[in-house]
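The file run_16.cif comes next; it holds mmCIF, C-alpha atoms.
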```cif
data_input
#
loop_
_atom_site.label_atom_id
_atom_site.label_comp_id
_atom_site.auth_asym_id
_atom_site.auth_seq_id
_atom_site.Cartn_x
_atom_site.Cartn_y
_atom_site.Cartn_z
CA MET A 1268 9.44 20.74 6.09
CA ASP A 1269 6.40 21.29 3.94
CA ILE A 1270 3.88 19.89 1.52
CA ALA A 1271 4.73 20.64 -2.09
CA ASN A 1272 2.43 21.02 -5.06
CA GLY A 1273 -0.91 20.60 -3.37
CA ALA A 1274 -2.30 18.49 -0.57
CA GLY A 1275 -0.55 15.45 0.78
CA PRO A 1276 -2.11 12.05 1.42
CA ALA A 1277 -5.72 12.55 2.37
CA ARG A 1278 -5.33 11.12 5.88
CA VAL A 1279 -4.99 14.23 7.97
CA ASP A 1280 -2.22 12.91 10.24
CA ILE A 1281 0.21 12.28 7.37
CA LEU A 1282 1.96 15.64 7.49
CA PRO A 1283 5.54 16.93 7.64
CA GLY A 1284 6.95 16.08 11.04
CA ALA A 1285 4.64 13.08 11.50
CA ARG A 1286 5.73 9.46 11.40
CA PHE A 1287 4.70 7.57 8.28
CA PRO A 1288 3.14 4.14 8.99
CA ASP A 1289 5.64 1.29 9.05
CA TYR A 1290 3.87 -0.92 6.52
CA THR A 1291 4.96 -4.50 5.88
CA LEU A 1292 4.64 -5.66 2.26
CA PRO A 1293 6.16 -8.24 -0.11
CA ASP A 1294 8.77 -7.12 -2.61
CA HIS A 1295 9.23 -8.00 -6.28
CA GLU A 1296 10.55 -11.43 -5.20
CA GLY A 1297 7.83 -12.10 -2.64
CA VAL A 1298 10.02 -11.33 0.39
CA PHE A 1299 8.29 -9.29 3.10
CA HIS A 1300 9.87 -6.07 4.39
CA THR A 1301 8.96 -3.28 6.75
CA LEU A 1302 9.62 0.25 5.55
CA SER A 1303 11.74 0.93 8.62
CA ASP A 1304 14.05 -1.98 7.83
CA LEU A 1305 14.46 -0.78 4.26
CA GLN A 1306 15.20 2.74 5.45
CA GLY A 1307 17.71 1.93 8.15
CA ARG A 1308 19.42 5.11 9.39
CA ASP A 1309 19.23 6.99 6.12
CA PRO A 1310 16.89 9.44 4.40
CA MET A 1311 14.46 7.72 2.07
CA ILE A 1312 12.47 8.61 -1.03
CA LEU A 1313 9.15 6.74 -1.03
CA THR A 1314 6.97 6.68 -4.13
CA LEU A 1315 3.35 5.58 -3.91
CA ALA A 1316 2.83 4.75 -7.56
CA ARG A 1317 0.01 3.82 -9.90
CA GLY A 1318 1.97 0.93 -11.36
CA HIS A 1319 3.28 -0.58 -14.56
CA TYR A 1320 0.36 0.52 -16.75
CA CYS A 1321 0.96 4.26 -16.26
CA PRO A 1322 3.38 6.08 -18.63
CA LYS A 1323 3.78 8.89 -16.08
CA GLU A 1324 5.15 6.37 -13.59
CA HIS A 1325 7.61 5.14 -16.18
CA GLN A 1326 8.87 8.67 -16.82
CA GLN A 1327 9.33 9.40 -13.12
CA HIS A 1328 10.96 6.07 -12.39
CA LEU A 1329 13.31 6.31 -15.37
CA GLU A 1330 14.60 9.55 -13.87
CA LEU A 1331 14.90 7.94 -10.45
CA ALA A 1332 16.79 5.04 -12.01
CA ALA A 1333 19.29 7.49 -13.49
CA PHE A 1334 19.59 9.06 -10.00
CA GLN A 1335 20.02 5.82 -8.05
CA THR A 1336 23.83 5.67 -8.17
CA LYS A 1337 23.95 9.12 -6.55
CA LEU A 1338 21.51 7.96 -3.88
CA ASN A 1339 23.83 5.04 -3.21
CA VAL A 1340 26.96 7.15 -2.66
CA GLY A 1341 24.90 9.75 -0.75
CA TYR A 1342 23.61 7.20 1.77
CA ALA A 1343 19.93 7.58 0.86
CA GLN A 1344 17.36 4.87 0.20
CA ILE A 1345 14.50 4.61 -2.26
CA VAL A 1346 11.37 2.41 -2.17
CA THR A 1347 8.43 2.18 -4.58
CA ILE A 1348 5.01 0.82 -3.62
CA THR A 1349 2.40 -0.01 -6.26
CA THR A 1350 -0.88 -1.93 -6.44
CA ASP A 1351 0.66 -4.29 -9.03
CA GLU A 1352 0.77 -7.99 -8.27
CA GLN A 1353 4.23 -9.57 -8.08
CA HIS A 1354 4.77 -10.54 -11.74
CA THR A 1355 3.66 -7.14 -13.05
CA LEU A 1356 5.77 -5.46 -10.37
CA GLN A 1357 8.83 -7.35 -11.62
CA GLU A 1358 8.11 -6.16 -15.17
CA PHE A 1359 7.73 -2.57 -14.00
CA ARG A 1360 11.00 -2.69 -12.06
CA SER A 1361 12.88 -4.24 -14.97
CA SER A 1362 11.42 -1.88 -17.56
CA VAL A 1363 12.65 1.23 -15.74
CA GLY A 1364 16.01 -0.24 -14.70
CA GLY A 1365 15.45 0.23 -10.99
CA TYR A 1366 17.48 -1.96 -8.64
CA TRP A 1367 15.90 -0.64 -5.45
CA THR A 1368 13.07 -2.41 -3.61
CA PHE A 1369 9.62 -2.37 -5.21
CA LEU A 1370 6.78 -3.43 -2.91
CA SER A 1371 3.46 -4.95 -3.96
CA ASP A 1372 0.09 -3.98 -2.48
CA PRO A 1373 -2.60 -5.50 -4.75
CA ALA A 1374 -5.04 -5.62 -1.81
CA ARG A 1375 -4.79 -1.80 -1.76
CA ARG A 1376 -4.19 -1.72 1.97
CA ILE A 1377 -2.23 1.53 1.77
CA GLN A 1378 -4.70 3.11 -0.64
CA LYS A 1379 -7.47 2.47 1.88
CA ASP A 1380 -5.46 3.26 5.01
CA LEU A 1381 -4.26 6.62 3.68
CA ASP A 1382 -7.53 7.35 1.88
CA ILE A 1383 -5.78 7.99 -1.44
CA GLN A 1384 -7.96 6.09 -3.89
CA GLU A 1385 -7.76 7.64 -7.35
CA TYR A 1386 -11.52 7.61 -7.82
CA THR A 1387 -11.22 9.12 -11.31
CA ASP A 1388 -9.78 5.80 -12.55
CA PRO A 1389 -12.23 3.07 -11.44
CA GLU A 1390 -10.87 0.63 -14.04
CA ASN A 1391 -7.37 0.40 -12.52
CA ASP A 1392 -8.28 1.59 -9.01
CA PRO A 1393 -4.77 2.88 -8.20
CA MET A 1394 -3.47 5.05 -5.41
CA ILE A 1395 -3.21 8.77 -6.07
CA PRO A 1396 0.53 8.98 -6.77
CA HIS A 1397 2.64 10.61 -4.08
CA THR A 1398 6.35 11.01 -3.52
CA LEU A 1399 7.52 11.45 0.06
CA VAL A 1400 10.93 12.33 1.40
CA LEU A 1401 11.38 10.69 4.81
CA GLU A 1402 13.87 11.44 7.52
CA PRO A 1403 15.21 8.51 9.57
CA GLY A 1404 12.47 6.97 11.69
CA LEU A 1405 10.01 7.38 8.78
CA LEU A 1406 9.49 11.03 9.71
CA VAL A 1407 7.83 12.92 6.89
CA HIS A 1408 10.01 15.74 5.57
CA LYS A 1409 8.15 16.61 2.38
CA ILE A 1410 5.17 15.33 0.39
CA TYR A 1411 4.62 15.75 -3.35
CA ASN A 1412 1.20 15.04 -4.88
CA GLY A 1413 1.73 13.52 -8.32
CA TYR A 1414 -1.82 13.14 -9.61
CA TRP A 1415 -0.77 15.62 -12.29
CA PHE A 1416 2.68 14.79 -13.63
CA TRP A 1417 4.02 18.30 -12.93
CA GLY A 1418 3.21 17.81 -9.28
CA ARG A 1419 5.97 15.22 -9.02
CA PRO A 1420 9.38 16.32 -7.78
CA THR A 1421 12.24 16.89 -10.15
CA ILE A 1422 15.57 15.26 -9.38
CA SER A 1423 16.88 18.72 -8.50
CA GLU A 1424 14.13 19.16 -5.91
CA LEU A 1425 14.85 15.74 -4.41
CA TRP A 1426 18.55 16.62 -4.29
CA LEU A 1427 17.74 19.76 -2.29
CA ASP A 1428 15.39 17.83 0.01
CA LEU A 1429 18.05 15.20 0.68
CA ARG A 1430 20.62 17.93 1.29
CA ASP A 1431 18.36 19.53 3.90
CA VAL A 1432 17.65 16.20 5.62
CA SER A 1433 21.28 15.09 5.56
CA ARG A 1434 22.48 18.40 6.96
CA GLU A 1435 19.99 17.96 9.79
CA ILE A 1436 20.81 14.34 10.69
CA ARG A 1437 24.57 14.07 10.03
CA PRO A 1438 26.60 15.52 12.92
CA ASP A 1439 29.70 15.39 10.70
CA TRP A 1440 28.08 17.39 7.86
CA ASP A 1441 30.61 20.18 8.46
CA LEU A 1442 33.97 18.87 9.61
CA SER A 1443 34.86 22.35 10.90
CA THR A 1444 32.13 22.11 13.56
CA PRO A 1445 33.79 22.82 16.94
CA GLY A 1446 34.64 19.66 18.81
CA LEU A 1447 34.50 17.23 15.88
CA ARG A 1448 38.26 17.17 15.24
CA ASP A 1449 38.99 16.71 18.95
CA ALA A 1450 36.49 13.81 19.10
CA TRP A 1451 38.10 12.19 16.06
CA ASP A 1452 41.59 12.51 17.52
CA ARG A 1453 40.35 10.93 20.78
CA GLY A 1454 39.03 7.95 18.83
CA ASP A 1455 35.40 8.92 19.45
CA TRP A 1456 33.74 8.26 16.09
CA THR A 1457 30.12 8.26 17.29
CA ASN A 1458 29.36 11.43 15.32
CA PHE A 1459 30.98 10.23 12.09
CA HIS A 1460 28.59 8.37 9.82
CA GLY A 1461 29.91 4.93 8.95
CA TRP A 1462 32.91 5.16 11.24
CA ASP A 1463 30.65 4.84 14.30
CA ARG A 1464 30.07 1.17 13.43
CA HIS A 1465 33.75 0.31 13.23
CA ALA A 1466 34.90 0.08 16.82
CA ALA A 1467 38.49 -0.61 15.77
CA GLY A 1468 38.65 2.76 14.04
CA PRO A 1469 39.74 4.01 10.62
CA ALA A 1470 42.88 1.86 10.42
CA ALA A 1471 40.74 -1.29 10.50
CA ARG A 1472 38.67 -0.36 7.41
#
```
What's the C-alpha coordinates form of this structure?
Amino acid sequence: MDIANGAGPARVDILPGARFPDYTLPDHEGVFHTLSDLQGRDPMILTLARGHYCPKEHQQHLELAAFQTKLNVGYAQIVTITTDEQHTLQEFRSSVGGYWTFLSDPARRIQKDLDIQEYTDPENDPMIPHTLVLEPGLLVHKIYNGYWFWGRPTISELWLDLRDVSREIRPDWDLSTPGLRDAWDRGDWTNFHGWDRHAAGPAAR
(Lines of atoms letter the chains of each structure in order from A and count residues from 1; the text may use other names and numbers.)
(Lines give C-alpha, C1' and ligand atoms only; values in the text may rest on other atoms or scores of the structure.)
Protein backbone atom coordinates (compact mmCIF):
# COMPACT_ATOMS: atom_id res chain seq x y z
CA MET A 1 0.00 0.00 0.00
CA ASP A 2 1.40 3.38 -0.88
CA ILE A 3 0.81 6.87 -2.17
CA ALA A 4 1.58 7.23 -5.85
CA ASN A 5 2.71 10.28 -7.78
CA GLY A 6 2.97 12.78 -4.96
CA ALA A 7 1.06 13.53 -1.80
CA GLY A 8 -2.40 12.21 -1.11
CA PRO A 9 -5.37 14.21 0.13
CA ALA A 10 -4.09 16.99 2.34
CA ARG A 11 -5.81 15.71 5.48
CA VAL A 12 -3.02 13.88 7.23
CA ASP A 13 -5.11 10.89 8.34
CA ILE A 14 -6.10 9.91 4.80
CA LEU A 15 -3.27 7.47 4.18
CA PRO A 16 -2.87 3.88 2.98
CA GLY A 17 -4.26 1.58 5.63
CA ALA A 18 -6.66 4.23 6.98
CA ARG A 19 -10.42 4.17 6.58
CA PHE A 20 -11.80 6.69 4.10
CA PRO A 21 -14.79 8.68 5.41
CA ASP A 22 -18.15 7.11 4.61
CA TYR A 23 -19.70 10.16 2.97
CA THR A 24 -23.39 10.30 2.06
CA LEU A 25 -24.18 12.18 -1.16
CA PRO A 26 -26.87 12.31 -3.86
CA ASP A 27 -26.24 10.59 -7.17
CA HIS A 28 -26.95 11.73 -10.73
CA GLU A 29 -30.65 10.99 -10.14
CA GLY A 30 -30.84 12.67 -6.74
CA VAL A 31 -30.82 9.42 -4.74
CA PHE A 32 -28.62 9.48 -1.64
CA HIS A 33 -25.96 6.81 -1.10
CA THR A 34 -23.21 6.08 1.36
CA LEU A 35 -19.86 5.06 -0.07
CA SER A 36 -19.91 1.87 1.97
CA ASP A 37 -23.23 0.79 0.46
CA LEU A 38 -21.91 1.43 -3.04
CA GLN A 39 -18.76 -0.53 -2.30
CA GLY A 40 -20.33 -3.57 -0.69
CA ARG A 41 -17.73 -6.33 -0.25
CA ASP A 42 -15.64 -5.44 -3.25
CA PRO A 43 -12.59 -3.31 -4.05
CA MET A 44 -13.52 0.14 -5.28
CA ILE A 45 -11.97 2.84 -7.45
CA LEU A 46 -13.00 6.27 -6.17
CA THR A 47 -12.33 9.38 -8.24
CA LEU A 48 -12.55 12.83 -6.68
CA ALA A 49 -12.99 14.83 -9.86
CA ARG A 50 -13.06 18.44 -10.97
CA GLY A 51 -16.22 17.91 -12.98
CA HIS A 52 -17.78 18.27 -16.40
CA TYR A 53 -15.87 21.42 -17.39
CA CYS A 54 -12.41 19.78 -17.24
CA PRO A 55 -11.06 18.03 -20.37
CA LYS A 56 -8.61 16.05 -18.22
CA GLU A 57 -11.54 14.53 -16.36
CA HIS A 58 -13.14 13.56 -19.64
CA GLN A 59 -9.98 11.80 -20.79
CA GLN A 60 -9.63 9.86 -17.54
CA HIS A 61 -13.29 8.94 -17.39
CA LEU A 62 -13.41 7.86 -21.03
CA GLU A 63 -10.68 5.36 -20.18
CA LEU A 64 -12.54 4.24 -17.08
CA ALA A 65 -15.70 3.82 -19.16
CA ALA A 66 -13.81 1.51 -21.51
CA PHE A 67 -12.61 -0.41 -18.42
CA GLN A 68 -15.98 -0.71 -16.69
CA THR A 69 -17.02 -4.05 -18.20
CA LYS A 70 -13.81 -5.60 -16.82
CA LEU A 71 -14.54 -4.09 -13.42
CA ASN A 72 -17.97 -5.71 -13.58
CA VAL A 73 -16.71 -9.23 -14.27
CA GLY A 74 -13.83 -8.72 -11.81
CA TYR A 75 -16.17 -7.84 -8.92
CA ALA A 76 -14.87 -4.30 -8.42
CA GLN A 77 -16.84 -1.09 -8.02
CA ILE A 78 -16.25 2.44 -9.24
CA VAL A 79 -17.64 5.76 -7.95
CA THR A 80 -17.01 9.33 -9.10
CA ILE A 81 -17.58 12.39 -6.91
CA THR A 82 -17.59 15.91 -8.38
CA THR A 83 -18.66 19.38 -7.29
CA ASP A 84 -21.13 19.52 -10.21
CA GLU A 85 -24.80 20.05 -9.46
CA GLN A 86 -27.16 17.27 -10.52
CA HIS A 87 -27.98 18.35 -14.09
CA THR A 88 -24.33 18.99 -14.98
CA LEU A 89 -23.38 15.70 -13.32
CA GLN A 90 -25.86 13.87 -15.56
CA GLU A 91 -24.28 15.51 -18.62
CA PHE A 92 -20.79 14.55 -17.47
CA ARG A 93 -21.82 10.94 -16.88
CA SER A 94 -23.56 10.68 -20.24
CA SER A 95 -20.75 12.36 -22.17
CA VAL A 96 -18.16 9.84 -21.00
CA GLY A 97 -20.45 6.80 -21.25
CA GLY A 98 -20.11 5.84 -17.60
CA TYR A 99 -22.88 3.69 -16.11
CA TRP A 100 -21.44 3.63 -12.60
CA THR A 101 -22.62 5.94 -9.80
CA PHE A 102 -21.66 9.62 -10.01
CA LEU A 103 -22.17 11.58 -6.80
CA SER A 104 -22.79 15.33 -6.52
CA ASP A 105 -21.15 17.58 -3.92
CA PRO A 106 -21.83 21.20 -5.00
CA ALA A 107 -21.58 22.35 -1.37
CA ARG A 108 -17.93 21.17 -1.50
CA ARG A 109 -18.25 19.26 1.74
CA ILE A 110 -15.55 16.77 0.75
CA GLN A 111 -13.28 19.48 -0.61
CA LYS A 112 -13.41 21.21 2.77
CA ASP A 113 -13.34 18.07 4.91
CA LEU A 114 -10.28 16.65 3.15
CA ASP A 115 -8.67 20.07 2.67
CA ILE A 116 -8.23 19.54 -1.08
CA GLN A 117 -9.39 22.86 -2.50
CA GLU A 118 -7.70 23.56 -5.82
CA TYR A 119 -6.80 27.12 -4.87
CA THR A 120 -5.17 27.74 -8.26
CA ASP A 121 -8.65 27.71 -9.86
CA PRO A 122 -10.78 30.18 -7.87
CA GLU A 123 -13.29 30.50 -10.72
CA ASN A 124 -14.44 26.86 -10.60
CA ASP A 125 -13.33 26.11 -7.03
CA PRO A 126 -12.96 22.35 -7.60
CA MET A 127 -11.35 19.62 -5.54
CA ILE A 128 -7.77 18.72 -6.34
CA PRO A 129 -8.39 15.57 -8.38
CA HIS A 130 -7.50 12.29 -6.69
CA THR A 131 -8.03 8.66 -7.56
CA LEU A 132 -8.13 6.20 -4.67
CA VAL A 133 -8.18 2.42 -4.71
CA LEU A 134 -10.11 1.19 -1.67
CA GLU A 135 -10.15 -2.22 -0.09
CA PRO A 136 -13.46 -3.45 1.40
CA GLY A 137 -14.45 -1.39 4.41
CA LEU A 138 -13.27 1.78 2.61
CA LEU A 139 -9.67 1.02 3.58
CA VAL A 140 -7.25 3.07 1.53
CA HIS A 141 -4.94 0.90 -0.58
CA LYS A 142 -3.43 3.52 -2.87
CA ILE A 143 -3.83 7.24 -3.59
CA TYR A 144 -3.04 8.98 -6.87
CA ASN A 145 -2.81 12.79 -7.01
CA GLY A 146 -4.17 13.94 -10.37
CA TYR A 147 -3.61 17.69 -10.25
CA TRP A 148 -1.27 17.11 -13.18
CA PHE A 149 -2.80 14.70 -15.68
CA TRP A 150 0.24 12.39 -15.61
CA GLY A 151 -0.30 11.90 -11.91
CA ARG A 152 -3.48 9.97 -12.62
CA PRO A 153 -3.31 6.18 -12.76
CA THR A 154 -3.27 4.33 -16.03
CA ILE A 155 -5.68 1.45 -16.50
CA SER A 156 -2.70 -0.89 -16.26
CA GLU A 157 -1.81 0.54 -12.84
CA LEU A 158 -5.39 0.18 -11.63
CA TRP A 159 -5.42 -3.40 -12.91
CA LEU A 160 -2.33 -4.17 -10.82
CA ASP A 161 -3.81 -2.43 -7.77
CA LEU A 162 -7.02 -4.41 -8.07
CA ARG A 163 -5.03 -7.62 -8.52
CA ASP A 164 -3.13 -6.92 -5.30
CA VAL A 165 -6.31 -6.09 -3.35
CA SER A 166 -8.23 -9.06 -4.73
CA ARG A 167 -5.40 -11.46 -3.95
CA GLU A 168 -5.44 -10.14 -0.39
CA ILE A 169 -9.20 -10.32 0.23
CA ARG A 170 -10.31 -13.39 -1.76
CA PRO A 171 -9.58 -16.63 0.14
CA ASP A 172 -10.29 -18.57 -3.07
CA TRP A 173 -7.77 -16.57 -5.15
CA ASP A 174 -5.71 -19.75 -5.60
CA LEU A 175 -7.85 -22.87 -5.74
CA SER A 176 -4.78 -24.99 -4.95
CA THR A 177 -4.55 -23.44 -1.47
CA PRO A 178 -4.49 -26.34 1.04
CA GLY A 179 -7.89 -27.01 2.54
CA LEU A 180 -10.00 -25.22 -0.08
CA ARG A 181 -10.91 -28.35 -2.06
CA ASP A 182 -11.78 -30.24 1.13
CA ALA A 183 -14.00 -27.34 2.27
CA TRP A 184 -15.75 -27.29 -1.11
CA ASP A 185 -16.36 -31.03 -1.05
CA ARG A 186 -17.83 -30.72 2.47
CA GLY A 187 -20.27 -28.09 1.21
CA ASP A 188 -18.52 -25.29 3.11
CA TRP A 189 -18.53 -22.42 0.61
CA THR A 190 -17.75 -19.60 3.07
CA ASN A 191 -14.37 -18.98 1.44
CA PHE A 192 -15.69 -18.97 -2.13
CA HIS A 193 -16.77 -15.53 -3.31
CA GLY A 194 -20.35 -15.56 -4.52
CA TRP A 195 -21.00 -19.14 -3.50
CA ASP A 196 -20.98 -18.15 0.17
CA ARG A 197 -24.34 -16.41 -0.33
CA HIS A 198 -26.04 -19.44 -1.85
CA ALA A 199 -26.78 -21.72 1.06
CA ALA A 200 -28.23 -24.39 -1.23
CA GLY A 201 -24.88 -24.74 -2.97
CA PRO A 202 -23.69 -24.78 -6.58
CA ALA A 203 -26.49 -27.00 -7.87
CA ALA A 204 -29.05 -24.33 -6.94
CA ARG A 205 -27.45 -21.58 -9.06
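The shortest atom-to-atom distance to Asp1309 of chain A, with only C-alpha atoms taken into account, belongs to A:Gly1341 out of A:Pro1396, A:Pro1373, A:Gly1418, A:Gly1341.
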For atom CA of Leu1305 of chain A and atom CA of Ile1345 of chain A, the interatomic separation in Å (one decimal):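 So the answer is 8.5 Å.
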Resolved residues for the PyMOL selection byres ((chain A and resi 1382-1393) around 9) as a PyMOL selection string: chain A and resi 1276-1278+1316-1318+1320+1349-1350+1375+1377-1381+1394-1396+1414
Spatial neighbours of His1300 of chain A, 10 Å, all atoms listed in the file, chain gap at least 2 places, as a list in words: Asp1289, Tyr1290, Thr1291, Leu1292, Pro1293, Asp1294, Gly1297, Val1298, Leu1302, Ser1303, Asp1304, Leu1305, Thr1368 and Leu1370 of chain A
Residue contacts of Ser1433 of chain A (9 Å, all atoms listed in the file) excluding same-chain residues fewer than 2 positions away, as a PyMOL selection string: chain A and resi 1309-1310+1343+1402+1428-1431+1435-1437+1440
His1408 of chain A surroundings by only C-alpha atoms, 10 Å radius, close-in-sequence under 2 positions cut, as a ChimeraX atom specification: /A:1268-1270,1282-1286,1310-1311,1399-1403,1405-1406,1410,1428-1429,1431-1432
Separation of atom CA of Arg1376 of chain A from atom CA of Phe1359 of chain A in Å: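 These atoms are spaced 19.9 Å apart.
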All residues 12 Å or closer to Leu1329 of chain A, all atoms listed in the file, same chain fewer than 6 positions away omitted, as a PyMOL selection string: chain A and resi 1322-1323+1335+1359-1366+1421-1422
Output segment 1446-1459 of chain A with N, CA and C atoms present, as a PDB file, keeping the file's coordinate frame.
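Result written to selection30.pdb:
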```pdb
ATOM      1  N   GLY A1446      34.671  20.894  18.039  1.00  0.00           N
ATOM      2  CA  GLY A1446      34.640  19.660  18.810  1.00  0.00           C
ATOM      3  C   GLY A1446      34.766  18.398  17.989  1.00  0.00           C
ATOM      4  N   LEU A1447      34.457  18.460  16.683  1.00  0.00           N
ATOM      5  CA  LEU A1447      34.500  17.230  15.880  1.00  0.00           C
ATOM      6  C   LEU A1447      35.928  16.721  15.725  1.00  0.00           C
ATOM      7  N   ARG A1448      36.863  17.603  15.419  1.00  0.00           N
ATOM      8  CA  ARG A1448      38.260  17.170  15.240  1.00  0.00           C
ATOM      9  C   ARG A1448      38.818  16.586  16.526  1.00  0.00           C
ATOM     10  N   ASP A1449      38.511  17.222  17.663  1.00  0.00           N
ATOM     11  CA  ASP A1449      38.990  16.710  18.950  1.00  0.00           C
ATOM     12  C   ASP A1449      38.417  15.315  19.213  1.00  0.00           C
ATOM     13  N   ALA A1450      37.110  15.127  18.899  1.00  0.00           N
ATOM     14  CA  ALA A1450      36.490  13.810  19.100  1.00  0.00           C
ATOM     15  C   ALA A1450      37.165  12.769  18.225  1.00  0.00           C
ATOM     16  N   TRP A1451      37.435  13.128  16.973  1.00  0.00           N
ATOM     17  CA  TRP A1451      38.100  12.190  16.060  1.00  0.00           C
ATOM     18  C   TRP A1451      39.475  11.799  16.590  1.00  0.00           C
ATOM     19  N   ASP A1452      40.237  12.782  17.026  1.00  0.00           N
ATOM     20  CA  ASP A1452      41.590  12.510  17.520  1.00  0.00           C
ATOM     21  C   ASP A1452      41.569  11.658  18.791  1.00  0.00           C
ATOM     22  N   ARG A1453      40.490  11.751  19.577  1.00  0.00           N
ATOM     23  CA  ARG A1453      40.350  10.930  20.780  1.00  0.00           C
ATOM     24  C   ARG A1453      39.906   9.503  20.454  1.00  0.00           C
ATOM     25  N   GLY A1454      39.548   9.264  19.201  1.00  0.00           N
ATOM     26  CA  GLY A1454      39.030   7.950  18.830  1.00  0.00           C
ATOM     27  C   GLY A1454      37.543   7.812  19.082  1.00  0.00           C
ATOM     28  N   ASP A1455      36.844   8.935  19.256  1.00  0.00           N
ATOM     29  CA  ASP A1455      35.400   8.920  19.450  1.00  0.00           C
ATOM     30  C   ASP A1455      34.739   9.188  18.100  1.00  0.00           C
ATOM     31  N   TRP A1456      34.291   8.124  17.439  1.00  0.00           N
ATOM     32  CA  TRP A1456      33.740   8.260  16.090  1.00  0.00           C
ATOM     33  C   TRP A1456      32.217   8.196  16.070  1.00  0.00           C
ATOM     34  N   THR A1457      31.579   8.395  17.224  1.00  0.00           N
ATOM     35  CA  THR A1457      30.120   8.260  17.290  1.00  0.00           C
ATOM     36  C   THR A1457      29.392   9.278  16.408  1.00  0.00           C
ATOM     37  N   ASN A1458      30.009  10.414  16.140  1.00  0.00           N
ATOM     38  CA  ASN A1458      29.360  11.430  15.320  1.00  0.00           C
ATOM     39  C   ASN A1458      29.813  11.400  13.859  1.00  0.00           C
ATOM     40  N   PHE A1459      30.480  10.336  13.460  1.00  0.00           N
ATOM     41  CA  PHE A1459      30.980  10.230  12.090  1.00  0.00           C
ATOM     42  C   PHE A1459      30.283   9.054  11.408  1.00  0.00           C
TER      43      PHE A1459
END
```
